[in-house]
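So this block is data27.cif, mmCIF, N, CA and C atoms:
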```cif
data_final
loop_
_atom_site.label_atom_id
_atom_site.label_comp_id
_atom_site.auth_asym_id
_atom_site.auth_seq_id
_atom_site.Cartn_x
_atom_site.Cartn_y
_atom_site.Cartn_z
N MET A 360 88.08 57.55 131.23
CA MET A 360 88.58 58.78 131.81
C MET A 360 88.81 59.78 130.68
N ALA A 361 88.48 61.06 130.98
CA ALA A 361 88.62 62.10 129.96
C ALA A 361 90.09 62.35 129.65
N ASP A 362 90.36 62.70 128.43
CA ASP A 362 91.71 63.05 128.02
C ASP A 362 92.16 64.27 128.81
N PRO A 363 93.40 64.31 129.32
CA PRO A 363 93.86 65.46 130.10
C PRO A 363 93.77 66.78 129.34
N VAL A 364 93.83 66.74 128.02
CA VAL A 364 93.70 67.95 127.22
C VAL A 364 92.32 68.56 127.44
N ASP A 365 91.34 67.73 127.76
CA ASP A 365 89.98 68.21 127.93
C ASP A 365 89.63 68.55 129.38
N HIS A 366 90.61 68.54 130.26
CA HIS A 366 90.37 68.96 131.63
C HIS A 366 89.89 70.42 131.61
N VAL A 367 88.86 70.71 132.36
CA VAL A 367 88.30 72.06 132.39
C VAL A 367 89.07 72.88 133.42
N GLY A 368 89.87 73.82 132.93
CA GLY A 368 90.69 74.65 133.80
C GLY A 368 89.92 75.81 134.41
N ASN A 369 90.39 76.28 135.55
CA ASN A 369 89.74 77.40 136.23
C ASN A 369 89.68 78.66 135.38
N GLU A 370 90.65 78.83 134.49
CA GLU A 370 90.70 80.04 133.68
C GLU A 370 89.73 80.00 132.49
N GLU A 371 89.12 78.86 132.25
CA GLU A 371 88.24 78.73 131.09
C GLU A 371 86.95 79.52 131.25
N ILE A 372 86.42 79.91 130.09
CA ILE A 372 85.13 80.59 129.99
C ILE A 372 84.11 79.58 129.48
N LEU A 373 82.95 79.61 130.09
CA LEU A 373 81.83 78.78 129.64
C LEU A 373 80.73 79.69 129.12
N TYR A 374 80.03 79.22 128.09
CA TYR A 374 78.91 79.96 127.53
C TYR A 374 77.61 79.26 127.89
N ARG A 375 76.60 80.07 128.12
CA ARG A 375 75.25 79.54 128.39
C ARG A 375 74.27 80.27 127.47
N ARG A 376 73.49 79.50 126.74
CA ARG A 376 72.45 80.08 125.89
C ARG A 376 71.34 80.61 126.80
N VAL A 377 70.91 81.84 126.52
CA VAL A 377 69.90 82.51 127.34
C VAL A 377 68.67 82.79 126.46
N PRO A 378 67.54 82.17 126.79
CA PRO A 378 66.34 82.42 125.99
C PRO A 378 65.97 83.90 125.95
N PHE A 379 65.33 84.26 124.87
CA PHE A 379 64.98 85.64 124.55
C PHE A 379 64.31 86.37 125.72
N GLY A 380 63.37 85.75 126.39
CA GLY A 380 62.62 86.40 127.47
C GLY A 380 63.38 86.55 128.77
N TRP A 381 64.58 86.00 128.85
CA TRP A 381 65.32 86.03 130.12
C TRP A 381 66.46 87.06 130.13
N PHE A 382 66.51 87.89 129.11
CA PHE A 382 67.45 89.00 129.11
C PHE A 382 66.92 90.10 128.20
N ASP A 383 66.96 91.32 128.72
CA ASP A 383 66.61 92.50 127.93
C ASP A 383 67.42 93.65 128.52
N ARG A 384 68.41 94.10 127.79
CA ARG A 384 69.33 95.13 128.29
C ARG A 384 68.60 96.43 128.62
N ARG A 385 67.41 96.62 128.04
CA ARG A 385 66.64 97.83 128.34
C ARG A 385 66.05 97.77 129.75
N VAL A 386 65.96 96.57 130.30
CA VAL A 386 65.41 96.37 131.65
C VAL A 386 66.52 96.20 132.67
N SER A 387 67.54 95.42 132.33
CA SER A 387 68.64 95.14 133.26
C SER A 387 69.88 94.71 132.46
N PRO A 388 71.06 95.02 132.98
CA PRO A 388 72.28 94.56 132.29
C PRO A 388 72.56 93.07 132.52
N ASN A 389 71.77 92.45 133.40
CA ASN A 389 71.98 91.04 133.75
C ASN A 389 70.83 90.18 133.25
N PRO A 390 71.12 88.93 132.92
CA PRO A 390 70.03 88.00 132.61
C PRO A 390 69.26 87.69 133.89
N THR A 391 68.07 87.15 133.76
CA THR A 391 67.33 86.73 134.94
C THR A 391 67.95 85.45 135.50
N ALA A 392 67.66 85.16 136.74
CA ALA A 392 68.18 83.94 137.37
C ALA A 392 67.66 82.68 136.68
N ASP A 393 66.51 82.78 136.01
CA ASP A 393 65.97 81.61 135.29
C ASP A 393 66.96 81.06 134.27
N ALA A 394 67.82 81.92 133.74
CA ALA A 394 68.82 81.49 132.76
C ALA A 394 69.82 80.50 133.33
N PHE A 395 69.90 80.44 134.66
CA PHE A 395 70.89 79.57 135.32
C PHE A 395 70.23 78.56 136.26
N ARG A 396 68.96 78.35 136.06
CA ARG A 396 68.25 77.29 136.79
C ARG A 396 68.05 76.13 135.82
N PRO A 397 68.11 74.92 136.31
CA PRO A 397 67.88 73.77 135.43
C PRO A 397 66.41 73.71 135.00
N HIS A 398 66.21 73.10 133.86
CA HIS A 398 64.85 72.85 133.40
C HIS A 398 64.23 71.84 134.37
N PRO A 399 62.96 71.99 134.72
CA PRO A 399 62.36 71.09 135.72
C PRO A 399 62.36 69.61 135.35
N THR A 400 62.44 69.29 134.05
CA THR A 400 62.45 67.87 133.67
C THR A 400 63.60 67.48 132.75
N ALA A 401 64.13 68.41 131.97
CA ALA A 401 65.11 68.06 130.93
C ALA A 401 66.56 68.02 131.42
N ASP A 402 66.87 68.66 132.54
CA ASP A 402 68.26 68.74 133.00
C ASP A 402 68.54 67.75 134.13
N THR A 403 68.24 66.51 133.87
CA THR A 403 68.41 65.48 134.91
C THR A 403 69.87 65.29 135.32
N ASP A 404 70.80 65.50 134.38
CA ASP A 404 72.23 65.32 134.67
C ASP A 404 72.92 66.61 135.11
N GLY A 405 72.26 67.75 134.94
CA GLY A 405 72.85 69.02 135.34
C GLY A 405 72.64 70.10 134.31
N LEU A 406 72.97 71.32 134.69
CA LEU A 406 72.83 72.49 133.84
C LEU A 406 73.93 72.50 132.79
N SER A 407 73.58 72.76 131.54
CA SER A 407 74.51 72.70 130.41
C SER A 407 75.20 74.03 130.13
N PHE A 408 76.46 73.91 129.78
CA PHE A 408 77.27 75.04 129.31
C PHE A 408 78.11 74.53 128.15
N GLU A 409 78.59 75.46 127.34
CA GLU A 409 79.52 75.14 126.26
C GLU A 409 80.85 75.82 126.56
N ARG A 410 81.93 75.16 126.20
CA ARG A 410 83.27 75.69 126.47
C ARG A 410 83.71 76.62 125.35
N ALA A 411 84.17 77.82 125.74
CA ALA A 411 84.60 78.83 124.76
C ALA A 411 85.80 78.37 123.96
N ARG A 412 86.55 77.42 124.48
CA ARG A 412 87.71 76.95 123.71
C ARG A 412 87.29 76.13 122.49
N TYR A 413 86.03 75.70 122.45
CA TYR A 413 85.53 74.90 121.33
C TYR A 413 84.44 75.59 120.50
N LYS A 414 83.73 76.55 121.08
CA LYS A 414 82.60 77.14 120.38
C LYS A 414 82.60 78.66 120.54
N THR A 415 82.01 79.32 119.56
CA THR A 415 81.84 80.77 119.62
C THR A 415 80.46 81.07 120.22
N PRO A 416 80.26 82.30 120.67
CA PRO A 416 78.91 82.66 121.13
C PRO A 416 77.86 82.45 120.04
N GLU A 417 78.21 82.72 118.79
CA GLU A 417 77.26 82.52 117.69
C GLU A 417 76.90 81.04 117.53
N ASP A 418 77.87 80.14 117.74
CA ASP A 418 77.58 78.70 117.71
C ASP A 418 76.57 78.33 118.80
N VAL A 419 76.81 78.85 119.98
CA VAL A 419 75.99 78.52 121.15
C VAL A 419 74.58 79.08 121.00
N ALA A 420 74.43 80.19 120.31
CA ALA A 420 73.12 80.85 120.18
C ALA A 420 72.15 80.10 119.27
N VAL A 421 72.62 79.12 118.54
CA VAL A 421 71.74 78.37 117.65
C VAL A 421 70.85 77.45 118.49
N GLY A 422 69.54 77.55 118.26
CA GLY A 422 68.61 76.73 119.02
C GLY A 422 67.30 76.55 118.30
N ARG A 423 66.36 75.93 118.97
CA ARG A 423 65.08 75.58 118.35
C ARG A 423 64.03 76.67 118.41
N SER A 424 64.23 77.69 119.23
CA SER A 424 63.22 78.73 119.40
C SER A 424 63.10 79.58 118.15
N LYS A 425 61.88 80.10 117.91
CA LYS A 425 61.71 81.03 116.79
C LYS A 425 62.27 82.40 117.15
N TYR A 426 62.56 82.63 118.43
CA TYR A 426 63.17 83.88 118.88
C TYR A 426 64.67 83.69 119.02
N PRO A 427 65.44 84.74 118.79
CA PRO A 427 66.90 84.61 118.90
C PRO A 427 67.34 84.42 120.35
N TYR A 428 68.41 83.69 120.53
CA TYR A 428 68.98 83.49 121.85
C TYR A 428 70.10 84.50 122.09
N HIS A 429 70.25 84.87 123.35
CA HIS A 429 71.41 85.63 123.82
C HIS A 429 72.41 84.60 124.31
N VAL A 430 73.65 85.03 124.59
CA VAL A 430 74.64 84.14 125.17
C VAL A 430 75.35 84.87 126.30
N ALA A 431 75.46 84.18 127.43
CA ALA A 431 76.19 84.71 128.59
C ALA A 431 77.46 83.90 128.79
N GLU A 432 78.47 84.55 129.37
CA GLU A 432 79.69 83.82 129.70
C GLU A 432 79.90 83.87 131.21
N VAL A 433 80.52 82.79 131.70
CA VAL A 433 80.84 82.65 133.12
C VAL A 433 82.21 81.99 133.21
N ARG A 434 83.01 82.44 134.14
CA ARG A 434 84.35 81.84 134.35
C ARG A 434 84.21 80.60 135.23
N VAL A 435 84.91 79.54 134.87
CA VAL A 435 84.88 78.28 135.62
C VAL A 435 85.26 78.51 137.07
N SER A 436 86.30 79.29 137.32
CA SER A 436 86.74 79.51 138.71
C SER A 436 85.63 80.13 139.56
N ASP A 437 84.80 80.97 138.97
CA ASP A 437 83.69 81.59 139.72
C ASP A 437 82.64 80.55 140.10
N LEU A 438 82.36 79.63 139.18
CA LEU A 438 81.40 78.56 139.50
C LEU A 438 81.96 77.64 140.58
N ARG A 439 83.22 77.29 140.45
CA ARG A 439 83.84 76.43 141.46
C ARG A 439 83.89 77.11 142.82
N ALA A 440 84.05 78.42 142.86
CA ALA A 440 84.06 79.15 144.12
C ALA A 440 82.71 79.06 144.84
N LEU A 441 81.66 78.77 144.09
CA LEU A 441 80.33 78.56 144.67
C LEU A 441 80.13 77.12 145.13
N GLY A 442 81.17 76.29 144.99
CA GLY A 442 81.07 74.88 145.37
C GLY A 442 80.50 73.99 144.29
N LEU A 443 80.46 74.48 143.06
CA LEU A 443 79.92 73.70 141.95
C LEU A 443 81.04 72.95 141.25
N THR A 444 80.68 71.82 140.66
CA THR A 444 81.65 71.05 139.88
C THR A 444 81.29 71.15 138.40
N ILE A 445 82.31 70.96 137.58
CA ILE A 445 82.14 71.04 136.13
C ILE A 445 82.56 69.68 135.58
N SER A 446 81.67 69.02 134.86
CA SER A 446 82.03 67.73 134.28
C SER A 446 81.83 67.75 132.77
N VAL A 447 82.84 67.25 132.07
CA VAL A 447 82.78 67.15 130.61
C VAL A 447 81.85 66.00 130.25
N THR A 448 80.97 66.24 129.29
CA THR A 448 80.05 65.17 128.89
C THR A 448 80.79 64.15 128.03
N GLU A 449 80.37 62.93 128.15
CA GLU A 449 80.99 61.84 127.41
C GLU A 449 80.84 62.07 125.91
N ASN A 450 81.91 61.89 125.17
CA ASN A 450 81.94 61.99 123.71
C ASN A 450 81.77 63.41 123.16
N ASP A 451 81.77 64.44 124.02
CA ASP A 451 81.67 65.81 123.52
C ASP A 451 82.43 66.75 124.46
N PRO A 452 83.71 66.97 124.22
CA PRO A 452 84.49 67.81 125.12
C PRO A 452 84.07 69.28 125.13
N SER A 453 83.24 69.70 124.17
CA SER A 453 82.80 71.09 124.15
C SER A 453 81.65 71.36 125.11
N HIS A 454 80.99 70.31 125.54
CA HIS A 454 79.79 70.44 126.38
C HIS A 454 80.10 69.99 127.80
N VAL A 455 79.74 70.84 128.77
CA VAL A 455 79.94 70.49 130.18
C VAL A 455 78.64 70.64 130.94
N LEU A 456 78.60 69.97 132.07
CA LEU A 456 77.44 70.03 132.95
C LEU A 456 77.86 70.48 134.34
N VAL A 457 76.94 71.14 135.02
CA VAL A 457 77.09 71.43 136.44
C VAL A 457 76.07 70.52 137.14
N PRO A 458 76.53 69.36 137.64
CA PRO A 458 75.60 68.36 138.15
C PRO A 458 74.77 68.81 139.36
N GLU A 459 75.29 69.73 140.14
CA GLU A 459 74.54 70.18 141.32
C GLU A 459 73.28 70.96 140.96
N LEU A 460 73.25 71.52 139.76
CA LEU A 460 72.08 72.26 139.30
C LEU A 460 71.31 71.37 138.33
N ASN A 461 70.44 70.53 138.88
CA ASN A 461 69.74 69.54 138.06
C ASN A 461 68.23 69.60 138.30
N SER A 462 67.50 68.87 137.49
CA SER A 462 66.04 68.87 137.56
C SER A 462 65.51 68.51 138.95
N ALA A 463 66.13 67.57 139.61
CA ALA A 463 65.66 67.15 140.94
C ALA A 463 65.80 68.28 141.97
N ASN A 464 66.76 69.18 141.74
CA ASN A 464 67.00 70.29 142.67
C ASN A 464 66.42 71.61 142.16
N TYR A 465 65.58 71.55 141.14
CA TYR A 465 65.07 72.75 140.48
C TYR A 465 64.56 73.81 141.46
N SER A 466 63.76 73.41 142.45
CA SER A 466 63.19 74.40 143.35
C SER A 466 63.87 74.49 144.70
N SER A 467 64.99 73.85 144.86
CA SER A 467 65.67 73.93 146.16
C SER A 467 66.17 75.34 146.42
N ASP A 468 66.22 75.70 147.69
CA ASP A 468 66.71 77.02 148.06
C ASP A 468 68.12 77.27 147.52
N ARG A 469 68.96 76.24 147.57
CA ARG A 469 70.35 76.38 147.11
C ARG A 469 70.41 76.65 145.61
N THR A 470 69.62 75.93 144.82
CA THR A 470 69.61 76.14 143.37
C THR A 470 69.12 77.55 143.03
N VAL A 471 68.07 77.98 143.68
CA VAL A 471 67.53 79.32 143.44
C VAL A 471 68.57 80.37 143.82
N GLU A 472 69.24 80.18 144.96
CA GLU A 472 70.26 81.13 145.42
C GLU A 472 71.45 81.18 144.46
N VAL A 473 71.95 80.02 144.05
CA VAL A 473 73.11 79.96 143.15
C VAL A 473 72.77 80.58 141.80
N ALA A 474 71.59 80.28 141.28
CA ALA A 474 71.17 80.86 139.99
C ALA A 474 71.13 82.38 140.07
N GLN A 475 70.67 82.91 141.18
CA GLN A 475 70.60 84.36 141.34
C GLN A 475 71.99 84.97 141.43
N ILE A 476 72.90 84.32 142.13
CA ILE A 476 74.28 84.81 142.24
C ILE A 476 74.95 84.82 140.87
N ILE A 477 74.78 83.73 140.12
CA ILE A 477 75.38 83.67 138.79
C ILE A 477 74.83 84.80 137.92
N ALA A 478 73.52 84.97 137.92
CA ALA A 478 72.89 86.00 137.08
C ALA A 478 73.33 87.40 137.48
N ASP A 479 73.36 87.68 138.77
CA ASP A 479 73.63 89.04 139.26
C ASP A 479 75.11 89.41 139.29
N LYS A 480 75.97 88.41 139.56
CA LYS A 480 77.37 88.75 139.84
C LYS A 480 78.41 88.10 138.94
N LEU A 481 78.08 86.98 138.32
CA LEU A 481 79.12 86.23 137.61
C LEU A 481 78.97 86.23 136.09
N ALA A 482 77.75 86.31 135.61
CA ALA A 482 77.50 86.19 134.17
C ALA A 482 77.59 87.53 133.47
N THR A 483 78.12 87.48 132.26
CA THR A 483 78.19 88.66 131.39
C THR A 483 77.59 88.27 130.05
N ILE A 484 76.67 89.06 129.57
CA ILE A 484 76.10 88.80 128.25
C ILE A 484 77.15 89.16 127.20
N VAL A 485 77.50 88.20 126.35
CA VAL A 485 78.50 88.44 125.31
C VAL A 485 77.88 88.44 123.90
N LEU A 486 76.65 87.99 123.81
CA LEU A 486 75.91 88.07 122.55
C LEU A 486 74.51 88.57 122.90
N ASP A 487 74.28 89.83 122.61
CA ASP A 487 73.04 90.50 122.97
C ASP A 487 72.15 90.58 121.75
N ARG A 488 71.02 89.93 121.80
CA ARG A 488 70.07 89.93 120.67
C ARG A 488 68.83 90.75 120.98
N THR A 489 68.93 91.68 121.95
CA THR A 489 67.80 92.56 122.25
C THR A 489 67.48 93.38 121.01
N PRO A 490 66.23 93.38 120.59
CA PRO A 490 65.90 94.15 119.39
C PRO A 490 65.97 95.65 119.68
N PRO A 491 66.18 96.45 118.64
CA PRO A 491 66.17 97.91 118.83
C PRO A 491 64.81 98.35 119.35
N ALA A 492 64.78 99.45 120.08
CA ALA A 492 63.53 99.94 120.70
C ALA A 492 62.43 100.13 119.67
N ASP A 493 62.77 100.58 118.47
CA ASP A 493 61.74 100.82 117.45
C ASP A 493 61.23 99.55 116.79
N ALA A 494 61.85 98.40 117.11
CA ALA A 494 61.44 97.13 116.51
C ALA A 494 60.44 96.38 117.38
N VAL A 495 60.18 96.88 118.57
CA VAL A 495 59.31 96.15 119.50
C VAL A 495 57.91 96.69 119.44
#
```

In structure tokens, write the structure found in this file.
Amino acid sequence: MADPVDHVGNEEILYRRVPFGWFDRRVSPNPTADAFRPHPTADTDGLSFERARYKTPEDVAVGRSKYPYHVAEVRVSDLRALGLTISVTENDPSHVLVPELNSANYSSDRTVEVAQIIADKLATIVLDRTPPADAV
């Protein structure tokens, strides 16, 4: 059982790394819904988020892509209001999963709908790596 200190409270903020092609402030102030859909094969246990109480947006933005990542934040209470659960991963209290958004449900109507709601109404980009207009 997880330590009570690591219980994910409704007031907590979660961060999600957003790949470069899924957000461009010059096109929209919101990331695309793809940023909140599970990977078709890699997210078997659920969609990953990092807890702001343990990591900074800069920590979360580190990844394997040659392109910089953006970071979005979402409030736990907003995800729970959509009927989603938040589970702390074993041995890493900074990492949580949303099990309902998993690879098996990648193309379900519910997953597509929830991803769109998160992108349009709940997520806020807190680390914007959109290049300047003259750099593109």

One-decimal distance in Å that lies between atom CA of Asp437 of chain A and atom CA of Arg423 of chain A: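 Interatomic distance, atom CA of Arg423 of chain A to atom CA of Asp437 of chain A: 29.0 Å.
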
Residues matched by the PyMOL selection byres ((chain A and resi 407) around 6.5) as a list of chain:residue names: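 In the shown coordinates, the PyMOL selection byres ((chain A and resi 407) around 6.5) covers A:Tyr374, A:Arg375, A:Gly405, A:Leu406, A:Phe408, A:Glu409, A:Val455, A:Leu456, A:Val457.
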
Residues matched by the PyMOL selection byres ((chain A and resi 475-485) around 8), written as a PyMOL selection string: chain A and resi 388-396+416-417+429-434+437-438+469-474+486-488

Build an axis-aligned box that encloses every atom of segment 400-404 of chain A listed in the file, pad it by 6 Å on each side, and report its centre and edge lengths in Å to one decimal, as JSON.
```
{"center_x": 67.7, "center_y": 67.3, "center_z": 133.1, "size_x": 22.5, "size_y": 16.0, "size_z": 16.4}
```

Nearest residue to Ser424 of chain A from the set A:Gly380, A:Val447, A:Thr489, A:Val367 (distances using only C-alpha atoms):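 Nearest candidate to Ser424 of chain A out of A:Gly380, A:Val447, A:Thr489, A:Val367: A:Gly380.
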
Alpha helix (DSSP H) positions in segment 403-492 of chain A, given as a list in words: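 Going through segment 403-492 of chain A, the alpha helix (DSSP H) residues come out as Pro416, Glu417, Asp418, Val419, Val435, Ser436, Asp437, Leu438, Arg439, Ala440, Asp468, Arg469, Thr470, Val471, Glu472, Val473, Ala474, Gln475 and Ile476 of chain A.
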
10 Å contact set for Tyr465 of chain A, only C-alpha atoms, chain neighbours under 3 positions out, as an MDAnalysis selection string: chainID A and resid 396:400 402:403 459:462 468:471
